[in-house]
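Shown here: upload11.tsv, TSV, C-alpha atoms.
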chain	number	residue	atom	x	y	z
A	1	MET	CA	0.00	0.00	0.00
A	2	SER	CA	1.35	3.42	-0.98
A	3	THR	CA	2.23	5.64	1.99
A	4	PHE	CA	2.37	8.84	-0.09
A	5	TYR	CA	-1.39	9.33	0.03
A	6	VAL	CA	-3.55	9.65	3.16
A	7	THR	CA	-7.18	8.54	2.97
A	8	GLY	CA	-8.35	8.56	6.56
A	9	GLY	CA	-8.43	11.29	9.19
A	10	THR	CA	-6.45	14.50	9.34
A	11	LEU	CA	-3.45	14.76	7.03
A	12	PRO	CA	-0.19	15.23	8.97
A	13	LEU	CA	1.45	18.62	8.59
A	14	ASP	CA	4.25	17.07	6.54
A	15	ALA	CA	2.00	14.99	4.27
A	16	PRO	CA	3.42	15.35	0.73
A	17	CYS	CA	-0.01	14.73	-0.79
A	18	TYR	CA	-1.65	17.76	0.82
A	19	VAL	CA	-3.28	20.00	-1.76
A	20	GLU	CA	-3.46	23.68	-0.86
A	21	ARG	CA	-6.61	25.47	-1.93
A	22	GLN	CA	-7.93	29.02	-1.85
A	23	ALA	CA	-9.69	28.08	1.39
A	24	ASP	CA	-6.30	27.69	3.11
A	25	ARG	CA	-5.46	31.29	2.35
A	26	ASP	CA	-8.96	32.60	3.09
A	27	LEU	CA	-9.14	30.93	6.50
A	28	TYR	CA	-5.69	32.04	7.61
A	29	GLN	CA	-6.17	35.62	6.46
A	30	GLY	CA	-9.61	35.85	8.03
A	31	LEU	CA	-8.40	34.63	11.42
A	32	VAL	CA	-5.33	36.89	11.34
A	33	LEU	CA	-7.80	39.75	11.00
A	34	SER	CA	-9.75	38.31	13.95
A	35	GLU	CA	-12.77	37.55	11.81
A	36	PHE	CA	-15.26	34.92	12.89
A	37	CYS	CA	-15.04	32.09	10.34
A	38	TYR	CA	-16.89	28.87	9.70
A	39	VAL	CA	-16.12	25.84	7.56
A	40	LEU	CA	-19.38	23.95	7.21
A	41	THR	CA	-19.46	21.23	4.58
A	42	ALA	CA	-19.72	17.48	3.99
A	43	ARG	CA	-17.37	14.96	5.56
A	44	GLN	CA	-13.95	14.11	4.11
A	45	MET	CA	-13.52	17.46	2.41
A	46	GLY	CA	-10.43	18.35	4.46
A	47	LYS	CA	-11.86	20.47	7.29
A	48	SER	CA	-9.55	19.18	10.02
A	49	SER	CA	-6.51	19.25	7.75
A	50	ILE	CA	-7.03	22.88	6.82
A	51	MET	CA	-7.59	23.68	10.50
A	52	ILE	CA	-4.28	22.28	11.76
A	53	ARG	CA	-2.37	24.08	9.01
A	54	ALA	CA	-4.05	27.37	9.81
A	55	ALA	CA	-3.33	26.79	13.51
A	56	LYS	CA	0.36	26.25	12.81
A	57	ARG	CA	0.64	29.46	10.81
A	58	LEU	CA	-1.28	31.43	13.45
A	59	ARG	CA	1.04	30.21	16.21
A	60	GLN	CA	3.99	31.33	14.13
A	61	ARG	CA	2.50	34.83	14.34
A	62	ASN	CA	2.28	34.55	18.14
A	63	ILE	CA	-1.49	34.12	18.07
A	64	GLN	CA	-2.81	31.86	20.84
A	65	VAL	CA	-4.68	28.89	19.35
A	66	VAL	CA	-7.18	26.60	21.06
A	67	VAL	CA	-8.86	23.59	19.43
A	68	LEU	CA	-12.06	22.33	21.04
A	69	ASP	CA	-13.14	19.00	19.53
A	70	LEU	CA	-16.75	18.58	20.63
A	71	THR	CA	-16.70	14.82	20.12
A	72	ALA	CA	-14.15	14.58	22.95
A	73	ILE	CA	-16.49	16.13	25.53
A	74	GLY	CA	-18.98	13.26	25.44
A	75	GLN	CA	-22.72	12.96	24.87
A	76	ASN	CA	-24.28	11.63	28.08
A	77	VAL	CA	-23.53	14.82	30.01
A	78	THR	CA	-25.34	17.67	31.69
A	79	PRO	CA	-24.90	21.29	30.51
A	80	GLU	CA	-22.70	21.87	33.59
A	81	GLN	CA	-20.41	18.96	32.68
A	82	TRP	CA	-20.31	19.91	29.00
A	83	TYR	CA	-19.30	23.53	29.49
A	84	ASN	CA	-16.88	22.53	32.24
A	85	GLY	CA	-15.30	20.11	29.78
A	86	LEU	CA	-14.84	22.91	27.25
A	87	ILE	CA	-13.25	25.16	29.86
A	88	ALA	CA	-10.93	22.39	31.05
A	89	ARG	CA	-9.68	21.75	27.51
A	90	LEU	CA	-9.28	25.45	26.86
A	91	GLY	CA	-7.34	25.86	30.11
A	92	ARG	CA	-4.87	23.09	29.28
A	93	GLN	CA	-4.09	24.63	25.91
A	94	VAL	CA	-3.47	28.17	27.22
A	95	ASP	CA	-1.71	26.98	30.38
A	96	LEU	CA	-4.38	28.45	32.66
A	97	GLU	CA	-6.03	25.26	33.82
A	98	ASP	CA	-5.83	25.97	37.57
A	99	LYS	CA	-7.05	29.56	37.30
A	100	LEU	CA	-9.95	28.58	35.07
A	101	GLU	CA	-10.93	25.72	37.35
A	102	HIS	CA	-10.92	28.06	40.35
A	103	PHE	CA	-12.99	30.61	38.40
A	104	TRP	CA	-15.49	27.91	37.40
A	105	VAL	CA	-16.03	26.77	40.99
A	106	GLU	CA	-16.18	30.30	42.34
A	107	LYS	CA	-18.96	31.27	39.91
A	108	GLN	CA	-21.25	28.31	40.64
A	109	ARG	CA	-24.32	30.53	40.94
A	110	VAL	CA	-23.92	31.72	37.35
A	111	SER	CA	-25.26	29.63	34.45
A	112	PRO	CA	-22.73	27.42	32.60
A	113	ILE	CA	-22.84	29.47	29.40
A	114	GLN	CA	-22.32	32.73	31.30
A	115	ARG	CA	-19.34	31.20	33.09
A	116	PHE	CA	-17.91	29.96	29.80
A	117	ILE	CA	-17.92	33.39	28.15
A	118	SER	CA	-16.87	35.15	31.36
A	119	ALA	CA	-13.96	32.74	31.78
A	120	ILE	CA	-12.68	33.66	28.32
A	121	HIS	CA	-13.01	37.39	29.03
A	122	ASP	CA	-12.09	37.61	32.73
A	123	VAL	CA	-9.36	34.98	32.83
A	124	VAL	CA	-7.90	34.13	29.42
A	125	LEU	CA	-7.95	37.61	27.87
A	126	ALA	CA	-6.94	39.15	31.19
A	127	GLU	CA	-3.94	36.84	31.57
A	128	ARG	CA	-2.81	36.75	27.93
A	129	THR	CA	-1.92	39.74	25.80
A	130	GLU	CA	-1.82	38.00	22.42
A	131	PRO	CA	-4.88	37.48	20.17
A	132	LEU	CA	-6.84	34.25	20.69
A	133	VAL	CA	-8.37	31.98	18.05
A	134	ILE	CA	-10.71	29.23	19.21
A	135	PHE	CA	-11.44	26.44	16.73
A	136	VAL	CA	-14.64	24.57	17.58
A	137	ASP	CA	-14.41	21.34	15.60
A	138	GLU	CA	-17.08	18.71	14.88
A	139	ILE	CA	-19.90	21.08	15.81
A	140	ASP	CA	-22.49	18.63	14.49
A	141	ALA	CA	-21.76	16.55	17.62
A	142	VAL	CA	-24.10	18.88	19.53
A	143	ARG	CA	-27.06	17.20	17.80
A	144	SER	CA	-26.48	14.13	19.99
A	145	LEU	CA	-26.54	16.04	23.27
A	146	PRO	CA	-29.56	15.68	25.61
A	147	PHE	CA	-29.98	19.46	25.78
A	148	SER	CA	-30.13	22.37	23.36
A	149	THR	CA	-26.91	24.21	22.52
A	150	ASP	CA	-28.62	27.16	20.87
A	151	GLU	CA	-27.32	29.37	23.66
A	152	PHE	CA	-23.74	28.22	23.01
A	153	PHE	CA	-23.78	29.51	19.44
A	154	ALA	CA	-25.77	32.55	20.51
A	155	ALA	CA	-23.01	33.29	23.05
A	156	ILE	CA	-20.34	33.00	20.34
A	157	ARG	CA	-22.32	35.51	18.30
A	158	GLU	CA	-22.55	37.73	21.38
A	159	CYS	CA	-18.74	37.73	21.69
A	160	TYR	CA	-18.65	39.21	18.22
A	161	ASN	CA	-21.41	41.74	18.86
A	162	ARG	CA	-19.82	42.94	22.12
A	163	ARG	CA	-16.71	44.14	20.31
A	164	VAL	CA	-18.28	47.57	19.91
A	165	GLU	CA	-18.70	48.16	23.64
A	166	ASP	CA	-15.82	46.01	24.89
A	167	PRO	CA	-12.64	46.18	22.72
A	168	GLU	CA	-11.14	43.21	24.59
A	169	PHE	CA	-13.39	40.92	22.55
A	170	LYS	CA	-11.61	42.10	19.42
A	171	ARG	CA	-8.74	39.85	20.51
A	172	VAL	CA	-10.78	36.65	20.33
A	173	ALA	CA	-12.13	34.97	17.20
A	174	PHE	CA	-13.96	31.70	16.73
A	175	CYS	CA	-13.80	29.28	13.83
A	176	LEU	CA	-16.59	26.68	13.63
A	177	LEU	CA	-16.07	23.47	11.65
A	178	GLY	CA	-18.44	20.61	10.99
A	179	VAL	CA	-21.19	19.04	8.91
A	180	ALA	CA	-23.90	21.64	9.45
A	181	SER	CA	-25.47	24.72	7.96
A	182	PRO	CA	-25.68	28.10	9.70
A	183	ALA	CA	-29.40	27.46	10.16
A	184	ASP	CA	-28.58	24.34	12.20
A	185	LEU	CA	-26.59	26.26	14.79
A	186	ILE	CA	-29.55	28.06	16.36
A	187	ARG	CA	-32.88	26.33	15.86
A	188	ASP	CA	-35.08	28.10	18.38
A	189	PRO	CA	-37.09	30.64	16.32
A	190	ARG	CA	-37.22	32.91	19.36
A	191	ILE	CA	-33.43	33.40	19.18
A	192	THR	CA	-31.84	35.46	16.43
A	193	PRO	CA	-30.30	33.11	13.82
A	194	PHE	CA	-26.53	32.65	13.59
A	195	HIS	CA	-25.62	34.98	10.73
A	196	ILE	CA	-22.19	36.39	11.52
A	197	GLY	CA	-18.80	35.54	10.18
A	198	HIS	CA	-16.92	34.65	7.04
A	199	ARG	CA	-17.93	31.42	5.32
A	200	ILE	CA	-14.91	29.48	4.03
A	201	GLU	CA	-15.70	27.40	0.96
A	202	LEU	CA	-13.85	24.07	0.73
A	203	THR	CA	-13.89	23.31	-2.97
A	204	ASP	CA	-12.80	20.17	-4.79
A	205	PHE	CA	-9.27	20.04	-6.19
A	206	THR	CA	-8.68	21.61	-9.59
A	207	LYS	CA	-6.36	19.97	-12.11
A	208	SER	CA	-3.58	22.47	-11.46
A	209	GLN	CA	-3.91	22.14	-7.67
A	210	SER	CA	-3.71	18.35	-7.95
A	211	ALA	CA	-0.52	18.32	-10.04
A	212	ALA	CA	1.74	17.51	-7.06
A	213	MET	CA	-0.19	14.28	-6.49
A	214	THR	CA	1.49	12.72	-9.52
A	215	GLU	CA	4.66	12.33	-7.41
A	216	GLY	CA	3.13	9.39	-5.58
A	217	LEU	CA	1.95	7.52	-8.68
A	218	ARG	CA	4.27	4.66	-9.57
A	219	CYS	CA	3.69	4.59	-13.28
A	220	SER	CA	5.29	5.93	-16.42
A	221	ASN	CA	2.35	8.07	-17.46
A	222	ALA	CA	1.46	9.82	-14.21
A	223	ASP	CA	-0.07	12.95	-15.77
A	224	ALA	CA	-2.49	10.95	-17.90
A	225	VAL	CA	-3.35	8.74	-14.94
A	226	LEU	CA	-4.17	11.72	-12.74
A	227	ASP	CA	-6.30	13.20	-15.53
A	228	ARG	CA	-8.33	10.00	-15.63
A	229	VAL	CA	-8.63	9.90	-11.84
A	230	LEU	CA	-10.02	13.43	-11.92
A	231	TYR	CA	-12.42	12.34	-14.68
A	232	TRP	CA	-14.01	10.09	-12.07
A	233	THR	CA	-13.54	12.03	-8.83
A	234	ASN	CA	-13.79	15.59	-10.19
A	235	GLY	CA	-11.25	16.54	-7.52
A	236	HIS	CA	-13.16	15.30	-4.46
A	237	PRO	CA	-10.39	15.25	-1.78
A	238	TYR	CA	-11.03	11.82	-0.27
A	239	LEU	CA	-12.03	10.05	-3.49
A	240	THR	CA	-8.98	11.45	-5.29
A	241	GLN	CA	-6.56	10.48	-2.51
A	242	ARG	CA	-7.99	6.96	-2.24
A	243	HIS	CA	-8.09	6.40	-5.99
A	244	CYS	CA	-4.47	7.52	-6.37
A	245	GLN	CA	-3.39	5.41	-3.38
A	246	MET	CA	-4.83	2.24	-4.88
A	247	ILE	CA	-3.40	3.00	-8.32
A	248	ALA	CA	0.06	3.57	-6.84
A	249	SER	CA	-0.15	0.16	-5.19
A	250	ASP	CA	-1.69	-1.63	-8.16
A	251	ILE	CA	-0.53	-0.50	-11.58
A	252	ARG	CA	2.69	0.31	-13.42
A	253	ASP	CA	1.70	1.12	-17.01
A	254	GLY	CA	-0.94	3.73	-16.23
A	255	THR	CA	-3.51	3.21	-18.97
A	256	VAL	CA	-7.03	4.58	-18.92
A	257	HIS	CA	-8.33	1.03	-18.60
A	258	ASP	CA	-6.16	0.53	-15.49
A	259	VAL	CA	-7.62	3.60	-13.83
A	260	ASP	CA	-11.17	2.60	-14.73
A	261	ARG	CA	-10.65	-0.93	-13.44
A	262	VAL	CA	-9.37	0.32	-10.09
A	263	CYS	CA	-12.26	2.78	-9.86
A	264	SER	CA	-14.73	-0.03	-10.45
A	265	GLU	CA	-13.12	-2.23	-7.82
A	266	ILE	CA	-12.92	0.34	-5.01
A	267	PHE	CA	-15.98	2.51	-5.64
A	268	LEU	CA	-18.45	1.20	-8.20
A	269	SER	CA	-18.95	-2.46	-7.39
A	270	SER	CA	-21.80	-3.51	-5.11
A	271	ARG	CA	-19.27	-4.75	-2.56
A	272	ALA	CA	-17.34	-1.47	-2.62
A	273	ARG	CA	-20.48	0.57	-2.02
A	274	GLU	CA	-21.11	-1.31	1.19
A	275	ARG	CA	-17.54	-0.82	2.44
A	276	ASP	CA	-16.30	2.61	1.40
A	277	ASP	CA	-16.67	5.11	4.24
A	278	ASN	CA	-17.42	8.06	2.01
A	279	LEU	CA	-20.11	6.34	-0.03
A	280	LEU	CA	-21.69	5.07	3.17
A	281	PHE	CA	-21.68	8.56	4.63
A	282	VAL	CA	-23.34	10.08	1.55
A	283	ARG	CA	-25.97	7.34	1.52
A	284	GLU	CA	-26.79	7.55	5.22
A	285	ARG	CA	-26.75	11.34	5.27
A	286	LEU	CA	-29.36	11.37	2.52
A	287	LEU	CA	-31.56	8.54	3.74
A	288	ARG	CA	-31.50	9.63	7.41
A	289	SER	CA	-31.90	13.35	6.87
A	290	GLU	CA	-34.62	15.17	8.75
A	291	VAL	CA	-36.29	16.48	5.59
A	292	ASP	CA	-38.94	14.83	3.43
A	293	LEU	CA	-37.05	11.86	1.94
A	294	GLY	CA	-39.28	11.54	-1.12
A	295	ALA	CA	-38.91	15.21	-1.97
A	296	LEU	CA	-35.16	15.09	-1.36
A	297	LEU	CA	-34.57	12.11	-3.64
A	298	LYS	CA	-36.84	13.58	-6.31
A	299	LEU	CA	-34.87	16.84	-6.23
A	300	TYR	CA	-31.56	14.98	-6.44
A	301	ASP	CA	-32.82	12.87	-9.36
A	302	GLN	CA	-33.83	16.02	-11.21
A	303	ILE	CA	-30.34	17.44	-10.74
A	304	ARG	CA	-28.81	14.13	-11.83
A	305	GLU	CA	-30.91	14.21	-15.00
A	306	GLY	CA	-29.62	17.68	-15.85
A	307	HIS	CA	-32.48	19.88	-14.68
A	308	VAL	CA	-31.46	23.43	-13.77
A	309	VAL	CA	-31.77	23.82	-9.98
A	310	ARG	CA	-30.65	27.11	-8.47
A	311	ASP	CA	-29.25	26.83	-4.95
A	312	ASP	CA	-31.43	28.17	-2.16
A	313	GLU	CA	-29.66	28.46	1.20
A	314	THR	CA	-33.01	28.79	2.98
A	315	ASN	CA	-34.32	25.49	1.58
A	316	PRO	CA	-33.73	22.47	3.90
A	317	LEU	CA	-33.68	20.13	0.89
A	318	HIS	CA	-30.79	22.05	-0.62
A	319	ASP	CA	-28.98	22.01	2.73
A	320	ALA	CA	-29.36	18.23	2.87
A	321	LEU	CA	-27.87	17.80	-0.60
A	322	ARG	CA	-24.92	20.08	0.13
A	323	LEU	CA	-24.11	18.53	3.51
A	324	SER	CA	-24.29	14.99	2.16
A	325	GLY	CA	-21.75	16.08	-0.43
A	326	ILE	CA	-23.65	14.49	-3.30
A	327	THR	CA	-24.03	17.81	-5.07
A	328	ARG	CA	-21.91	20.91	-5.19
A	329	VAL	CA	-22.95	24.43	-6.10
A	330	ARG	CA	-21.23	26.00	-9.07
A	331	ASP	CA	-22.20	29.45	-10.34
A	332	GLY	CA	-25.27	29.31	-8.10
A	333	PHE	CA	-26.62	25.98	-9.41
A	334	HIS	CA	-26.53	22.41	-8.08
A	335	HIS	CA	-24.54	19.75	-9.97
A	336	VAL	CA	-23.85	16.12	-9.10
A	337	ARG	CA	-20.42	16.28	-7.51
A	338	ASN	CA	-18.62	13.65	-9.58
A	339	ARG	CA	-19.05	10.66	-11.88
A	340	ILE	CA	-18.54	8.18	-9.04
A	341	TYR	CA	-21.57	9.56	-7.21
A	342	GLU	CA	-23.58	9.69	-10.42
A	343	HIS	CA	-22.94	6.01	-11.08
A	344	VAL	CA	-23.44	4.80	-7.52
A	345	PHE	CA	-26.46	6.95	-6.72
A	346	ASP	CA	-28.20	6.56	-10.05
A	347	HIS	CA	-31.90	6.58	-10.96
A	348	HIS	CA	-32.31	2.94	-9.91
A	349	TRP	CA	-30.89	3.75	-6.48
A	350	VAL	CA	-33.24	6.72	-6.16
A	351	LYS	CA	-36.27	4.58	-7.02
A	352	ALA	CA	-35.15	1.78	-4.70
A	353	ASN	CA	-34.89	4.15	-1.75
A	354	SER	CA	-37.90	6.35	-2.40
A	355	PRO	CA	-40.72	5.98	0.15
A	356	GLY	CA	-43.38	3.51	-0.89
A	357	THR	CA	-41.11	1.64	-3.32
A	358	THR	CA	-40.23	-1.99	-2.64
A	359	PHE	CA	-37.09	-3.56	-4.09
A	360	ASP	CA	-35.29	-6.76	-3.17
A	361	GLU	CA	-31.93	-4.97	-3.26
A	362	PRO	CA	-32.56	-1.41	-2.04
A	363	HIS	CA	-28.92	-0.35	-1.96
A	364	SER	CA	-27.53	-2.10	-5.02
A	365	LEU	CA	-27.84	-1.78	-8.76
A	366	ALA	CA	-29.16	-5.34	-8.92
A	367	GLY	CA	-26.71	-6.51	-11.54
A	368	LYS	CA	-26.71	-3.40	-13.71
A	369	CYS	CA	-23.40	-2.57	-15.33
A	370	MET	CA	-21.76	-0.04	-13.02
A	371	LEU	CA	-20.04	1.71	-15.91
A	372	SER	CA	-22.83	1.64	-18.44
A	373	THR	CA	-23.16	5.40	-18.75
A	374	SER	CA	-21.03	8.43	-18.12
A	375	TRP	CA	-21.78	12.15	-18.02
A	376	LYS	CA	-21.18	12.23	-21.78
A	377	GLY	CA	-23.25	9.13	-22.46
A	378	VAL	CA	-20.22	7.00	-23.32
A	379	CYS	CA	-19.48	3.83	-21.39
A	380	ALA	CA	-16.19	4.09	-19.55
A	381	SER	CA	-15.95	0.39	-18.78
A	382	PRO	CA	-12.53	-1.18	-19.43
A	383	ASP	CA	-14.31	-4.45	-20.26
A	384	ALA	CA	-14.43	-4.69	-24.03
A	385	ASN	CA	-17.24	-7.27	-23.72
A	386	CYS	CA	-19.50	-4.95	-21.73
A	387	ALA	CA	-22.82	-4.87	-23.55
A	388	SER	CA	-23.27	-1.21	-22.71
A	389	ARG	CA	-19.97	-0.10	-24.20
A	390	SER	CA	-20.26	2.45	-26.97
A	391	ASN	CA	-19.07	1.40	-30.42

Transcribe the structure of this file into structure tokens.
Amino acid sequence: MSTFYVTGGTLPLDAPCYVERQADRDLYQGLVLSEFCYVLTARQMGKSSIMIRAAKRLRQRNIQVVVLDLTAIGQNVTPEQWYNGLIARLGRQVDLEDKLEHFWVEKQRVSPIQRFISAIHDVVLAERTEPLVIFVDEIDAVRSLPFSTDEFFAAIRECYNRRVEDPEFKRVAFCLLGVASPADLIRDPRITPFHIGHRIELTDFTKSQSAAMTEGLRCSNADAVLDRVLYWTNGHPYLTQRHCQMIASDIRDGTVHDVDRVCSEIFLSSRARERDDNLLFVRERLLRSEVDLGALLKLYDQIREGHVVRDDETNPLHDALRLSGITRVRDGFHHVRNRIYEHVFDHHWVKANSPGTTFDEPHSLAGKCMLSTSWKGVCASPDANCASRSN
């Protein structure tokens, strides 16, 4: 197995396969200016990787950085325990654990969220002179908590709003990361929605951005191989890394048929669809979304068939498509993200999973040729005997 590519988790800072995007520059520059930023998108798009690189660069500028991973706090907790967990992790990272613990105990009569914000202002900002950036990672973990966290995000917004009357808050900025939309952060209609900050768009890799990935391909025709990989993945970070990793471990000649064969084996076969983490995430995110499933699948099928669908950030169906990752918005319109998704989540899959439809194999193509059609209507199958192959 090739060690050049990384297909699971956060890419190490020295990973040679890391692809820098405009989002890297936008996030760093925004946080240097103490802007509130958020990176809200589907899984395996590189959120954690971009975060640790921004954190490194911020520390090099003597900016204090704190990373709060909400999955590490736990789920079966009370609000008191949850906010205390956040403060404890913050304290360890700014070397103020004892002072923050004392402050927390001393202010027992104050609500947990008030103590959390006061601890940042009265202890951290009072003890530290440098700017502070707080990354709040995996924010979608709050959906599993037994209490509402609307007030948590409302308090983050309040830190921003209080800059006018209290200049000390100009030294602290938050960056929220996770699989969520801004509308998810505050759901109580009685509380003003979360509408501050600078949205950082994590786009798929372009051809020029991906050029460095050819270094890990062990074949004589690396440029052509990468072109064909991008034909299938359209630059999706995880799919591209995984496809290249398997090619580097599998082929030497680097023909189009080699790339297509590997793609079929790791993404398009029925077995692969039940094993690949990304495909499973997309499937489950769609089928278990909180919106009307029939309407969601109908909308996706219309996009897949080429209907013009303008993005609407206020429409929950559009949110569900974006956060599953199955579509991406380009020039204000939804498009199926890549050919792999279009083949796996095809019209048969939509029908099989639509409410009221009964199929023996709801998650498979039931023997249909996985490579029978492409975006251009030409079969990409490397099997010359495939009945669907174009003449």

Can you tell me, as a VMD selection string, what residues are no more than 12 Å from Leu230 (chain A) when counting all atoms listed in the file, ignoring any on the same chain fewer than 2 positions away? chain A and resid 204 to 211 213 to 214 223 to 228 232 to 244 256 259 to 260 263 337 to 340

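The space between CA of Gly332 (chain A) and CA of Ile303 (chain A) spans 13.2 Å.
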
Using all atoms listed in the file, can you tell me which of A:Val133, A:Leu86, A:Ile196, A:Leu287 comes closest to Ser324 (chain A)? A:Leu287

Which residues are near Tyr5 (chain A)? Cut-off 8 Å, all atoms listed in the file, ignore same chain within fewer than 2 positions. Put them as a PDB file with C-alpha atoms, in the coordinates of the input.
ATOM      1  CA  SER A   2       1.350   3.420  -0.980  1.00  0.00           C
ATOM      2  CA  THR A   3       2.230   5.640   1.990  1.00  0.00           C
ATOM      3  CA  THR A   7      -7.180   8.540   2.970  1.00  0.00           C
ATOM      4  CA  ALA A  15       2.000  14.990   4.270  1.00  0.00           C
ATOM      5  CA  PRO A  16       3.420  15.350   0.730  1.00  0.00           C
ATOM      6  CA  CYS A  17      -0.010  14.730  -0.790  1.00  0.00           C
ATOM      7  CA  GLY A 216       3.130   9.390  -5.580  1.00  0.00           C
ATOM      8  CA  GLN A 241      -6.560  10.480  -2.510  1.00  0.00           C
ATOM      9  CA  ARG A 242      -7.990   6.960  -2.240  1.00  0.00           C
ATOM     10  CA  CYS A 244      -4.470   7.520  -6.370  1.00  0.00           C
ATOM     11  CA  GLN A 245      -3.390   5.410  -3.380  1.00  0.00           C
TER      12      GLN A 245
END

Atom-to-atom span, CA of Met246 (chain A) and CA of Arg218 (chain A), Å: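 If I compute the distance from CA of Met246 (chain A) to CA of Arg218 (chain A), I get 10.5 Å.
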
Best match for closeness to Phe194 (chain A) among A:Leu286, A:Asn84, A:Phe36, A:Ala141, counting only C-alpha atoms: A:Phe36

Out of A:Leu145, A:Leu297, A:Ala155, A:Ile117, which residue has the shortest atom-to-atom distance to Leu70 (chain A) when counting only C-alpha atoms?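 Using only C-alpha atoms, Leu70 (chain A) sits closest to A:Leu145.
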
Which residues are close to Ser148 (chain A), i.e. within 9 Å by only C-alpha atoms, leaving aside same-chain residues fewer than 4 positions away? Reply as a PyMOL selection string. chain A and resi 79+142-143+152+187

Leu31 (chain A) surroundings by only C-alpha atoms, 12 Å radius, close-in-sequence under 2 positions cut, as a ChimeraX atom specification: /A:24-29,33-38,51,54-55,57-59,61,63-65,131-135,170-176,197-200

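Note that CA of Tyr300 (chain A) and CA of Phe267 (chain A) are 20.0 Å apart.
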
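Near Arg330 (chain A), within 12 Å and counting all atoms listed in the file, sit Glu201, Thr203, Asp204, Val308, Val309, Arg310, Asp311, Arg322, Thr327, Phe333, His334, His335, Val336 and Arg337 of chain A, not including residues fewer than 3 positions from it in the same chain.
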
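Nearest to Arg190 (chain A) of all the residues A:Glu151, A:Glu313, A:Asp98, A:Asp276 is A:Glu151, based on all atoms listed in the file.
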
Fix up region 289-301 of chain A with N, CA and C atoms, then write it as a short mmCIF file (atom, residue, chain, number, x, y, z; two decimals), in the coordinates of the input.
data_model
loop_
_atom_site.label_atom_id
_atom_site.label_comp_id
_atom_site.auth_asym_id
_atom_site.auth_seq_id
_atom_site.Cartn_x
_atom_site.Cartn_y
_atom_site.Cartn_z
N SER A 289 -31.74 11.91 6.66
CA SER A 289 -31.90 13.35 6.87
C SER A 289 -33.27 13.63 7.47
N GLU A 290 -33.39 14.81 8.06
CA GLU A 290 -34.62 15.17 8.75
C GLU A 290 -35.66 15.78 7.83
N VAL A 291 -35.35 15.89 6.55
CA VAL A 291 -36.29 16.48 5.59
C VAL A 291 -37.13 15.38 4.96
N ASP A 292 -38.08 15.77 4.15
CA ASP A 292 -38.94 14.83 3.43
C ASP A 292 -38.09 14.01 2.46
N LEU A 293 -37.95 12.70 2.73
CA LEU A 293 -37.05 11.86 1.94
C LEU A 293 -37.50 11.78 0.48
N GLY A 294 -38.79 11.63 0.25
CA GLY A 294 -39.28 11.54 -1.12
C GLY A 294 -38.97 12.79 -1.91
N ALA A 295 -39.19 13.94 -1.29
CA ALA A 295 -38.91 15.21 -1.97
C ALA A 295 -37.42 15.39 -2.20
N LEU A 296 -36.61 14.96 -1.24
CA LEU A 296 -35.16 15.09 -1.36
C LEU A 296 -34.63 14.25 -2.51
N LEU A 297 -35.05 12.99 -2.57
CA LEU A 297 -34.57 12.11 -3.64
C LEU A 297 -35.09 12.56 -5.00
N LYS A 298 -36.30 13.08 -5.04
CA LYS A 298 -36.84 13.58 -6.31
C LYS A 298 -36.02 14.77 -6.80
N LEU A 299 -35.67 15.67 -5.87
CA LEU A 299 -34.87 16.84 -6.23
C LEU A 299 -33.49 16.40 -6.73
N TYR A 300 -32.87 15.46 -6.01
CA TYR A 300 -31.56 14.98 -6.44
C TYR A 300 -31.64 14.34 -7.83
N ASP A 301 -32.69 13.55 -8.07
CA ASP A 301 -32.82 12.87 -9.36
C ASP A 301 -33.00 13.88 -10.49
#
